[in-house]
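Novice: Below is the structure I would like to discuss, written out as structure tokens.
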Amino acid sequence: MSEPVGGMALTRFASAPATTVALVAVNLVFSIVANAAFRLSARAGTWGHVVRWQLVGNLAGFVTVLALTALLRYVPLSVAFPVTTGVSIVGVQVVAASWLFHEPIEAMQWVGSLVIAIGVFLVQRR
């Protein structure tokens, strides 16, 4: 089923599940890479390393923008944006902050991540 938007028909989320899941996954992976690179840039000891990690982070961020743009061909903005943002928040917290950088995450932060994950689930059910 499609709905006209600006002269175009957008396919609903359920009609292209493999593509939409793949695009959300690409967005998530590159969001994690971008945020990890920015963290490494903040810890860098030389300007050369700062610039190098900034370049990696910005290139990865550009891929997230491309993935979101492609996702918008299949999913309305009102679904795509909260899903990619929510999944990225949880992914960066779990993978980058906790696993890669061993940053302590308190119980309330985990509860907040769970609430975000529930929200992502509810938004995508549309």
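We label chains A, B, ... in the order they appear in the structure tokens, count residues from 1 in each chain, and number ligands from 1 in the order shown.
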At a cut-off of 7 Å, can you tabulate as JSON lines every residue of stretch 48-125 of chain A near stretch 32-41 of chain A together with its closest atom pair and the distance in Å to one decimal, using only C-alpha atoms and ordering rows by chain then number?
Specialist:
```
{"residue": "A:His49", "atom": "CA", "partner": "A:Ser41", "partner_atom": "CA", "distance": 6.6}
{"residue": "A:Val50", "atom": "CA", "partner": "A:Ser41", "partner_atom": "CA", "distance": 4.5}
{"residue": "A:Trp53", "atom": "CA", "partner": "A:Ser41", "partner_atom": "CA", "distance": 5.0}
{"residue": "A:Gln54", "atom": "CA", "partner": "A:Phe38", "partner_atom": "CA", "distance": 6.0}
{"residue": "A:Val56", "atom": "CA", "partner": "A:Ala37", "partner_atom": "CA", "distance": 6.2}
{"residue": "A:Gly57", "atom": "CA", "partner": "A:Ala34", "partner_atom": "CA", "distance": 3.9}
{"residue": "A:Asn58", "atom": "CA", "partner": "A:Ala34", "partner_atom": "CA", "distance": 6.5}
{"residue": "A:Ala60", "atom": "CA", "partner": "A:Ala34", "partner_atom": "CA", "distance": 5.1}
{"residue": "A:Gly61", "atom": "CA", "partner": "A:Ala34", "partner_atom": "CA", "distance": 5.6}
{"residue": "A:Gly91", "atom": "CA", "partner": "A:Ile32", "partner_atom": "CA", "distance": 6.6}
{"residue": "A:Val92", "atom": "CA", "partner": "A:Ile32", "partner_atom": "CA", "distance": 5.1}
{"residue": "A:Ala96", "atom": "CA", "partner": "A:Ala36", "partner_atom": "CA", "distance": 5.8}
```
Novice: Determine, counting only C-alpha atoms, which protein, DNA and RNA residues have an atom within 9 Å of an atom of A:Leu71; residues of the same chain fewer than 4 positions away are not included. Present the result as a list in words.
Specialist: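 Once the nearby chain positions are removed, what remains is Thr19, Thr20, Leu23, Val24, Leu66, Ala67, Val75, Pro76, Leu77 and Ala80 of chain A.
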Novice: Please produce an output containing N, CA and C atoms for each residue in the selection, written as a compact mmCIF listing (two decimals), in the first residue's frame.
Specialist:
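Generated output (selection_27.txt):
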```
# COMPACT_ATOMS: atom_id res chain seq x y z
N THR A 19 14.77 -4.57 2.70
CA THR A 19 15.46 -3.33 2.35
C THR A 19 15.48 -2.36 3.52
N THR A 20 14.36 -2.19 4.17
CA THR A 20 14.29 -1.24 5.28
C THR A 20 15.16 -1.69 6.45
N LEU A 23 18.78 -1.02 5.51
CA LEU A 23 19.13 0.39 5.57
C LEU A 23 19.22 0.89 7.01
N VAL A 24 18.34 0.43 7.88
CA VAL A 24 18.44 0.78 9.30
C VAL A 24 19.73 0.22 9.88
N LEU A 66 23.21 9.10 3.86
CA LEU A 66 22.83 8.40 2.62
C LEU A 66 21.86 7.26 2.92
N ALA A 67 22.12 6.51 3.99
CA ALA A 67 21.24 5.40 4.36
C ALA A 67 19.85 5.92 4.74
N VAL A 75 9.98 4.43 3.63
CA VAL A 75 9.35 4.65 4.94
C VAL A 75 9.11 6.15 5.12
N PRO A 76 7.97 6.55 5.65
CA PRO A 76 7.72 7.97 5.92
C PRO A 76 8.72 8.52 6.95
N LEU A 77 9.01 9.79 6.83
CA LEU A 77 9.94 10.46 7.75
C LEU A 77 9.50 10.29 9.20
N ALA A 80 10.90 6.78 9.88
CA ALA A 80 12.33 6.59 9.64
C ALA A 80 13.21 7.34 10.63
```
Novice: Which distance in Å separates atom CA of A:Ala107 and atom CA of A:Val29, to one decimal?
Specialist: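 The value is 24.5 Å.
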Novice: Using only C-alpha atoms, pick whichever of A:Val123, A:Val90, A:Leu72, A:Val95 has the shortest atom-to-atom distance to A:Trp110.
Specialist: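 Of A:Val123, A:Val90, A:Leu72, A:Val95, the one nearest A:Trp110, counting only C-alpha atoms, is A:Val90.
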Novice: For A:Glu106, work out the shell of residues within 12 Å, counting only C-alpha atoms and skipping chain neighbours fewer than 6 positions away, then give it as a PyMOL selection string.
Specialist: chain A and resi 93-94+97-98+112-113
Novice: Within 7 Å of A:Asn27, counting only C-alpha atoms, which residues qualify if same-chain residues fewer than 6 places away don't, as number ranges by chain?
Specialist: A: 64, 67-68, 84
Novice: My list of candidates is A:Leu59, A:Val83, A:Val111, A:Ala42. Which is closest to A:Ala25 when distances are computed with only C-alpha atoms?
Specialist: A:Val83
Novice: Go through stretch 38-109 of chain A and collect every residue that DSSP, computed from the backbone, puts in helix (DSSP H, G or I); the answer should be as an mmCIF file with C-alpha atoms, in the first residue's frame.
Specialist:
```cif
data_model
loop_
_atom_site.group_PDB
_atom_site.id
_atom_site.type_symbol
_atom_site.label_atom_id
_atom_site.label_comp_id
_atom_site.auth_asym_id
_atom_site.auth_seq_id
_atom_site.Cartn_x
_atom_site.Cartn_y
_atom_site.Cartn_z
ATOM 1 C CA PHE A 38 34.603 11.325 17.421
ATOM 2 C CA ARG A 39 35.394 9.843 20.842
ATOM 3 C CA LEU A 40 38.834 8.783 19.593
ATOM 4 C CA SER A 41 39.315 12.257 18.132
ATOM 5 C CA ALA A 42 38.555 13.788 21.540
ATOM 6 C CA ARG A 43 41.209 11.539 23.105
ATOM 7 C CA TRP A 47 46.254 17.472 15.836
ATOM 8 C CA GLY A 48 47.028 14.985 13.087
ATOM 9 C CA HIS A 49 45.154 12.263 14.959
ATOM 10 C CA VAL A 50 42.302 14.656 15.783
ATOM 11 C CA VAL A 51 41.880 15.482 12.099
ATOM 12 C CA ARG A 52 42.199 11.833 11.043
ATOM 13 C CA TRP A 53 39.488 10.661 13.441
ATOM 14 C CA GLN A 54 37.295 13.645 12.550
ATOM 15 C CA LEU A 55 37.582 12.656 8.898
ATOM 16 C CA VAL A 56 36.599 9.045 9.694
ATOM 17 C CA GLY A 57 33.671 10.227 11.842
ATOM 18 C CA ASN A 58 32.376 12.652 9.251
ATOM 19 C CA LEU A 59 32.661 10.130 6.407
ATOM 20 C CA ALA A 60 30.787 7.573 8.503
ATOM 21 C CA GLY A 61 28.202 10.232 9.340
ATOM 22 C CA PHE A 62 27.785 10.937 5.640
ATOM 23 C CA VAL A 63 27.006 7.250 5.066
ATOM 24 C CA THR A 64 24.307 7.470 7.764
ATOM 25 C CA VAL A 65 22.758 10.397 5.874
ATOM 26 C CA LEU A 66 22.831 8.405 2.625
ATOM 27 C CA ALA A 67 21.236 5.401 4.359
ATOM 28 C CA LEU A 68 18.505 7.588 5.870
ATOM 29 C CA THR A 69 17.864 9.205 2.495
ATOM 30 C CA ALA A 70 17.509 5.780 0.866
ATOM 31 C CA LEU A 71 15.284 4.626 3.721
ATOM 32 C CA LEU A 77 9.938 10.461 7.750
ATOM 33 C CA SER A 78 7.671 10.176 10.791
ATOM 34 C CA VAL A 79 8.821 6.551 11.132
ATOM 35 C CA ALA A 80 12.334 6.593 9.635
ATOM 36 C CA PHE A 81 13.742 9.398 11.765
ATOM 37 C CA PRO A 82 12.659 8.140 15.210
ATOM 38 C CA VAL A 83 13.621 4.556 14.364
ATOM 39 C CA THR A 84 17.124 5.396 13.094
ATOM 40 C CA THR A 85 17.732 7.908 15.878
ATOM 41 C CA GLY A 86 16.478 5.608 18.644
ATOM 42 C CA VAL A 87 18.359 2.573 17.373
ATOM 43 C CA SER A 88 21.515 4.685 17.043
ATOM 44 C CA ILE A 89 21.229 6.007 20.599
ATOM 45 C CA VAL A 90 20.949 2.493 21.993
ATOM 46 C CA GLY A 91 23.618 1.125 19.643
ATOM 47 C CA VAL A 92 26.151 3.832 20.439
ATOM 48 C CA GLN A 93 25.550 3.427 24.168
ATOM 49 C CA VAL A 94 25.850 -0.353 24.142
ATOM 50 C CA VAL A 95 28.513 -0.916 21.485
ATOM 51 C CA ALA A 96 30.684 2.191 21.550
ATOM 52 C CA ALA A 97 30.391 3.501 25.088
ATOM 53 C CA SER A 98 30.062 0.230 26.976
ATOM 54 C CA TRP A 99 31.847 -2.350 24.852
ATOM 55 C CA LEU A 100 34.558 -0.389 22.985
ATOM 56 C CA ALA A 107 21.145 1.306 35.867
ATOM 57 C CA MET A 108 18.988 4.336 35.039
ATOM 58 C CA GLN A 109 20.837 4.752 31.743
#
```
Novice: What does the structure give for the distance between atom CA of A:Arg125 and atom CA of A:Arg73, in Å to one decimal?
Specialist: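 Pair atom CA of A:Arg125 / atom CA of A:Arg73 returns 17.8 Å.
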